[in-house]
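> The structure's right below; bear with me while I get my questions together.
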Amino acid sequence: MIRLALRNILRHQMRSLMVVAAIATGVIALLITEGFIRDVYKQFGDGLIQAQLGHVQIARKGFFETGYRTPESFLIAENQSLRTQLRAAPHTKEVMPRLDFSGLLNNGETEITIIAEAVEPTQEALLSGGLRVLAGRALTTKDAQAVMIGKGVADSLRVKPGATVTLMAPTIDGAMNTAELTVIGIFASFSKDYDDRAIRLPIRAAQDLLGTPEISRVIVLADARENTEAVAAALRAQLDAAKYDVRTWTALSDIYRNTVAAYEGQFGVIRIIILLLVILSVANVVNMSIFERTGEYGTMRALGNSGAFIAKIIYIETAMLGLLGASVGVVIGVLLAWIISAIGIPMPPPPNAYMGYLAQIRMHPDMVATAFLTGLIAPLPACLWPAYKVRTMPIIDALRESV
């Protein structure tokens, strides 16, 4: 039956090529579309991780709900033993303290409200790949009274690197304190809202300003993004659940989860459209083929072959065409993805962002397997009705078609 099906495929080469091309085109479309969307997930997620969130964050219970409004109520007594304990968790690469507060920043003429993140410059260099320094430079350990400011803050104050600004914030005791800081750099990230309000300064300068040796939260950097959940689970097992809250970066980023949900919905619709196009294209060709070969099938029935036997031949032919089309589609799709990724796709800044980026087509074994199976299985429904018609058609009616 396989040899007979193969001979039928080779006998009608142009028609077979049409089916293979339709299936291959659908597989290529699935691979390129999903590869592009996965790159969006990857670059957007990496930007959030490397600019703001890290892989895992640890804070006092309640900080992630209300702590950003009153950070002084959720401070942690940061010490070396805590760092050692956190670094001992599996897949942990680095542990970085942060001190968060809000205040007023002015340049002598204009004053705006900002959110400040105090960091340790040396360790933060491991996590700041998602921040693009637009002017000046990043913080170093030599910067005692320096500050990096977001692009939106710089535009509002009309300051450049080298300018002096005054930061005013309440101390832990409730008194107001000020610090004269030198702007050493202007940065941009994937989030325009963040860049419009954020500044970064050395943690020692922030502790002096607020009058406390404590910190707000701890950022944990995993050795790989895929190990985020493993790191979070290990930290939850180590720390007192009544005192500390451990959150992964996905749990902290509503915008990422909403973006993924939106793209998943869109890609689901695209996948259905591609499947329908493949099924309809194959069904059209299969129906044409069966109509032209009705007399042939009638002759086979007259010679003693059952309708079920002929239906099986049609199923096998369609499956072989699906296998060939899916294989061709995967090969061409992976090759196109490699070429496109090598060149890159310049993308404009996404909504709520200042920076554009260079998109790629990311291939993963699971999506290649899914696209292949889709190309293999999608044509089969297209032959069910034509095969049923051939199986149930009276022999005399089939023979008339060849007269």
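Numbering starts fresh at 1 for the residues of each chain in the structure tokens, the chains themselves are lettered A, B, ... in the order given, and ligands are numbered from 1 as they appear.
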Can you pull out every residue within 9 Å of range 372-386 of chain A, counting only C-alpha atoms, but drop anything in the same chain fewer than 2 positions away, and send it as a PyMOL selection string?

chain A and resi 19+23-24+26-27+275-276+278-284+286-287+290-291+311+314-315+318-327+329-330+367-370+388-391

> Only N, CA and C atoms, please: the residues just picked out, written as a compact mmCIF listing (two decimals), in the first residue's frame.


# COMPACT_ATOMS: atom_id res chain seq x y z
N VAL A 19 0.48 20.44 -2.71
CA VAL A 19 0.17 20.05 -1.34
C VAL A 19 1.38 20.25 -0.44
N ILE A 23 1.69 22.81 2.84
CA ILE A 23 2.04 22.35 4.18
C ILE A 23 3.33 23.00 4.65
N ALA A 24 4.33 23.03 3.77
CA ALA A 24 5.62 23.63 4.14
C ALA A 24 5.47 25.11 4.48
N GLY A 26 2.84 26.59 5.71
CA GLY A 26 2.23 26.69 7.03
C GLY A 26 3.22 26.43 8.15
N VAL A 27 4.07 25.41 7.98
CA VAL A 27 5.09 25.10 8.99
C VAL A 27 6.08 26.25 9.13
N LEU A 275 -3.60 26.79 10.40
CA LEU A 275 -4.12 25.43 10.30
C LEU A 275 -5.28 25.35 9.32
N LEU A 276 -6.18 26.31 9.40
CA LEU A 276 -7.33 26.32 8.49
C LEU A 276 -6.88 26.48 7.03
N VAL A 278 -3.98 25.60 5.75
CA VAL A 278 -3.35 24.35 5.31
C VAL A 278 -4.41 23.30 5.01
N ILE A 279 -5.38 23.15 5.91
CA ILE A 279 -6.42 22.13 5.72
C ILE A 279 -7.23 22.42 4.46
N LEU A 280 -7.61 23.69 4.26
CA LEU A 280 -8.41 24.03 3.08
C LEU A 280 -7.61 23.84 1.79
N SER A 281 -6.33 24.22 1.83
CA SER A 281 -5.50 24.05 0.62
C SER A 281 -5.35 22.58 0.27
N VAL A 282 -5.06 21.75 1.29
CA VAL A 282 -4.89 20.32 1.04
C VAL A 282 -6.22 19.70 0.61
N ALA A 283 -7.31 20.10 1.27
CA ALA A 283 -8.62 19.55 0.92
C ALA A 283 -8.97 19.85 -0.53
N ASN A 284 -8.65 21.05 -1.00
CA ASN A 284 -8.96 21.42 -2.38
C ASN A 284 -8.20 20.52 -3.35
N VAL A 286 -6.78 17.53 -2.70
CA VAL A 286 -7.20 16.13 -2.56
C VAL A 286 -8.54 15.90 -3.27
N ASN A 287 -9.47 16.83 -3.13
CA ASN A 287 -10.75 16.69 -3.82
C ASN A 287 -10.59 16.68 -5.33
N ILE A 290 -9.14 13.25 -6.28
CA ILE A 290 -10.11 12.15 -6.20
C ILE A 290 -11.15 12.26 -7.31
N PHE A 291 -11.56 13.48 -7.65
CA PHE A 291 -12.52 13.66 -8.73
C PHE A 291 -11.94 13.15 -10.05
N ALA A 311 -9.69 3.78 0.68
CA ALA A 311 -9.63 4.88 1.65
C ALA A 311 -8.28 4.89 2.36
N ILE A 314 -5.70 6.53 0.26
CA ILE A 314 -5.82 8.00 0.30
C ILE A 314 -5.23 8.54 1.60
N TYR A 315 -5.50 7.86 2.73
CA TYR A 315 -4.94 8.30 4.00
C TYR A 315 -3.42 8.25 3.97
N THR A 318 -1.94 11.03 1.80
CA THR A 318 -2.00 12.33 2.49
C THR A 318 -0.97 12.39 3.62
N ALA A 319 -0.81 11.29 4.36
CA ALA A 319 0.18 11.27 5.45
C ALA A 319 1.60 11.42 4.91
N MET A 320 1.88 10.77 3.78
CA MET A 320 3.21 10.90 3.19
C MET A 320 3.46 12.32 2.70
N LEU A 321 2.43 12.94 2.13
CA LEU A 321 2.57 14.33 1.72
C LEU A 321 2.77 15.23 2.94
N GLY A 322 2.04 14.93 4.02
CA GLY A 322 2.23 15.70 5.26
C GLY A 322 3.63 15.55 5.81
N LEU A 323 4.15 14.32 5.80
CA LEU A 323 5.51 14.08 6.28
C LEU A 323 6.53 14.85 5.44
N LEU A 324 6.36 14.79 4.12
CA LEU A 324 7.29 15.49 3.23
C LEU A 324 7.18 17.01 3.41
N GLY A 325 5.93 17.51 3.45
CA GLY A 325 5.75 18.96 3.60
C GLY A 325 6.26 19.46 4.93
N ALA A 326 6.01 18.72 6.02
CA ALA A 326 6.48 19.13 7.34
C ALA A 326 8.00 19.12 7.39
N SER A 327 8.63 18.11 6.78
CA SER A 327 10.09 18.04 6.78
C SER A 327 10.70 19.20 6.00
N GLY A 329 9.26 22.07 5.38
CA GLY A 329 8.97 23.29 6.11
C GLY A 329 9.91 23.51 7.28
N VAL A 330 10.22 22.45 8.04
CA VAL A 330 11.13 22.58 9.18
C VAL A 330 12.53 22.97 8.71
N MET A 367 9.35 23.88 19.96
CA MET A 367 8.54 24.56 18.96
C MET A 367 8.77 23.95 17.57
N VAL A 368 9.99 23.46 17.28
CA VAL A 368 10.25 22.79 16.01
C VAL A 368 9.45 21.49 15.94
N ALA A 369 9.43 20.74 17.05
CA ALA A 369 8.66 19.50 17.09
C ALA A 369 7.17 19.78 16.93
N THR A 370 6.68 20.83 17.59
CA THR A 370 5.25 21.18 17.48
C THR A 370 4.89 21.57 16.06
N TYR A 388 -14.18 9.17 2.45
CA TYR A 388 -15.50 8.60 2.77
C TYR A 388 -16.37 8.52 1.50
N LYS A 389 -16.34 9.55 0.66
CA LYS A 389 -17.11 9.56 -0.57
C LYS A 389 -16.70 8.41 -1.48
N VAL A 390 -15.37 8.20 -1.64
CA VAL A 390 -14.87 7.12 -2.49
C VAL A 390 -15.27 5.77 -1.91
N ARG A 391 -15.21 5.65 -0.60
CA ARG A 391 -15.51 4.37 0.05
C ARG A 391 -16.98 3.99 -0.11

> Run DSSP on the backbone of this structure and report the residues of range 87-231 of chain A it assigns to helix (DSSP H, G or I), as a PyMOL selection string.

chain A and resi 87+121-124+128-130+151-157+192-197+203-210+225-231

> List the spatial neighbours of Asn107 in chain A as a list in words - criterion: any atom at most 9 Å away, only C-alpha atoms, same-chain residues fewer than 4 positions off excluded.

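What passes the distance filter is Glu111, Leu157, Arg158, Val159, Ala163, Thr164, Val165 and Thr166 of chain A.
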
> Report as a count of residues only all protein, DNA and RNA residues lying within 7 Å of Phe74 in chain A, evaluated on only C-alpha atoms, omitting residues in the same chain fewer than 2 positions from it.

7

> Quick one: pick out all strand (DSSP E) residues within range 190-351 of chain A from a backbone DSSP run and write them as an MDAnalysis selection string.

chainID A and resid 198:202 217:222 244:248 345:347

> Determine the nearest neighbour of Ile115 in chain A from the options A:Lys192, A:Arg197, A:Lys151, A:Lys93, counting only C-alpha atoms.

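Of A:Lys192, A:Arg197, A:Lys151, A:Lys93, the one nearest Ile115 in chain A is A:Arg197, counting only C-alpha atoms.
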
> Go through range 35-85 of chain A residue by residue and, counting only C-alpha atoms, keep those with an atom at most 12 Å from range 244-248 of chain A; for each kept residue give the shortest atom pair and its distance in Å to one decimal, ordered by chain and increasing number, as JSON lines.


{"residue": "A:Gly45", "atom": "CA", "partner": "A:Thr248", "partner_atom": "CA", "distance": 12.0}
{"residue": "A:Leu48", "atom": "CA", "partner": "A:Thr248", "partner_atom": "CA", "distance": 11.8}
{"residue": "A:Ile49", "atom": "CA", "partner": "A:Thr248", "partner_atom": "CA", "distance": 10.0}
{"residue": "A:Leu53", "atom": "CA", "partner": "A:Thr248", "partner_atom": "CA", "distance": 8.6}
{"residue": "A:Gly54", "atom": "CA", "partner": "A:Thr248", "partner_atom": "CA", "distance": 8.4}
{"residue": "A:His55", "atom": "CA", "partner": "A:Thr248", "partner_atom": "CA", "distance": 5.9}
{"residue": "A:Val56", "atom": "CA", "partner": "A:Thr248", "partner_atom": "CA", "distance": 4.4}
{"residue": "A:Gln57", "atom": "CA", "partner": "A:Arg247", "partner_atom": "CA", "distance": 5.4}
{"residue": "A:Ile58", "atom": "CA", "partner": "A:Val246", "partner_atom": "CA", "distance": 4.7}
{"residue": "A:Ala59", "atom": "CA", "partner": "A:Asp245", "partner_atom": "CA", "distance": 5.4}
{"residue": "A:Arg60", "atom": "CA", "partner": "A:Tyr244", "partner_atom": "CA", "distance": 4.6}
{"residue": "A:Lys61", "atom": "CA", "partner": "A:Tyr244", "partner_atom": "CA", "distance": 5.0}
{"residue": "A:Gly62", "atom": "CA", "partner": "A:Asp245", "partner_atom": "CA", "distance": 7.5}
{"residue": "A:Phe63", "atom": "CA", "partner": "A:Asp245", "partner_atom": "CA", "distance": 8.0}
{"residue": "A:Phe64", "atom": "CA", "partner": "A:Asp245", "partner_atom": "CA", "distance": 8.2}
{"residue": "A:Glu65", "atom": "CA", "partner": "A:Asp245", "partner_atom": "CA", "distance": 10.5}
{"residue": "A:Gly67", "atom": "CA", "partner": "A:Asp245", "partner_atom": "CA", "distance": 11.8}
{"residue": "A:Phe74", "atom": "CA", "partner": "A:Tyr244", "partner_atom": "CA", "distance": 10.1}
{"residue": "A:Leu75", "atom": "CA", "partner": "A:Tyr244", "partner_atom": "CA", "distance": 11.0}
{"residue": "A:Ile76", "atom": "CA", "partner": "A:Tyr244", "partner_atom": "CA", "distance": 9.5}

> Take the residues from that selection and put them in a file with N, CA and C atoms, as a short mmCIF file (atom, residue, chain, number, x, y, z; two decimals), in the first residue's frame.


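What ended up in again00.cif:
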data_model
loop_
_atom_site.label_atom_id
_atom_site.label_comp_id
_atom_site.auth_asym_id
_atom_site.auth_seq_id
_atom_site.Cartn_x
_atom_site.Cartn_y
_atom_site.Cartn_z
N GLY A 45 12.01 40.04 28.88
CA GLY A 45 12.29 39.49 30.20
C GLY A 45 13.69 39.78 30.66
N LEU A 48 14.04 43.38 31.79
CA LEU A 48 13.50 43.62 33.14
C LEU A 48 14.41 43.03 34.21
N ILE A 49 14.92 41.83 33.96
CA ILE A 49 15.80 41.18 34.94
C ILE A 49 17.07 41.99 35.14
N LEU A 53 14.86 44.00 38.16
CA LEU A 53 14.27 43.02 39.05
C LEU A 53 15.19 41.93 39.55
N GLY A 54 16.25 41.59 38.78
CA GLY A 54 16.98 40.39 39.12
C GLY A 54 16.11 39.16 38.89
N HIS A 55 16.59 37.99 39.30
CA HIS A 55 15.78 36.79 39.13
C HIS A 55 14.83 36.56 40.31
N VAL A 56 15.30 36.85 41.51
CA VAL A 56 14.50 36.65 42.72
C VAL A 56 14.73 37.84 43.65
N GLN A 57 13.68 38.26 44.35
CA GLN A 57 13.81 39.34 45.34
C GLN A 57 13.32 38.86 46.69
N ILE A 58 14.00 39.33 47.73
CA ILE A 58 13.65 38.99 49.11
C ILE A 58 13.43 40.29 49.86
N ALA A 59 12.33 40.37 50.59
CA ALA A 59 12.02 41.57 51.38
C ALA A 59 11.20 41.15 52.60
N ARG A 60 11.00 42.11 53.49
CA ARG A 60 10.16 41.86 54.64
C ARG A 60 8.72 41.60 54.20
N LYS A 61 8.00 40.82 54.96
CA LYS A 61 6.61 40.50 54.66
C LYS A 61 5.80 41.79 54.53
N GLY A 62 5.10 41.94 53.43
CA GLY A 62 4.28 43.12 53.20
C GLY A 62 4.95 44.20 52.38
N PHE A 63 6.26 44.08 52.14
CA PHE A 63 6.96 45.13 51.40
C PHE A 63 6.44 45.25 49.97
N PHE A 64 6.24 44.12 49.29
CA PHE A 64 5.84 44.16 47.89
C PHE A 64 4.42 44.68 47.70
N GLU A 65 3.62 44.70 48.77
CA GLU A 65 2.27 45.25 48.68
C GLU A 65 2.25 46.75 48.99
N GLY A 67 5.24 48.41 50.68
CA GLY A 67 6.55 48.90 51.11
C GLY A 67 7.11 50.03 50.30
N PHE A 74 9.79 48.67 56.45
CA PHE A 74 10.08 47.28 56.06
C PHE A 74 11.59 47.05 55.86
N LEU A 75 12.41 47.71 56.63
CA LEU A 75 13.86 47.59 56.46
C LEU A 75 14.38 46.27 57.02
N ILE A 76 15.48 45.81 56.41
CA ILE A 76 16.13 44.56 56.81
C ILE A 76 17.51 44.89 57.36
#

> Do a neighbour search on Ile215 in chain A at 7 Å with only C-alpha atoms, toss out local chain neighbours closer than 5 positions, and write the hits as a PyMOL selection string.

chain A and resi 75-78+97-99

> Between A:Phe309, A:Tyr357, A:Phe267, A:Trp338, single out the one closest to Ala387 in chain A, counting only C-alpha atoms.

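Distance minimum relative to Ala387 in chain A lands on A:Phe309.
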
> Could you check how far CA of Met18 in chain A sits from CA of Ile339 in chain A, in Å to one decimal?

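A separation of 25.4 Å between them.
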
> What lies within 7 Å of range 135-145 of chain A using only C-alpha atoms, ignoring chain neighbours under 5 positions off, as a list in words?

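Result of the neighbour search: Pro121, Thr122, Pro161, Leu181, Thr182, Ile184, Gly185, Ile186, Pro202 and Ala205 of chain A.
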
> Rounded to one decimal in Å, what is the spacing between CA of Thr392 in chain A and CA of Met288 in chain A?

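That distance, rounded to one decimal, is 17.7 Å.
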
> So what do you get for CA of Ala179 in chain A versus CA of Ser73 in chain A, distance-wise?

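We find that CA of Ala179 in chain A and CA of Ser73 in chain A lie 22.2 Å from each other.
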
> Might you pull out every residue within 7 Å of Val95 in chain A, with only C-alpha atoms counted and same-chain residues fewer than 4 positions away left off, and present them as a list in words?

Arg83, Arg87, Val218, Ile219, Val220 and Leu221 of chain A
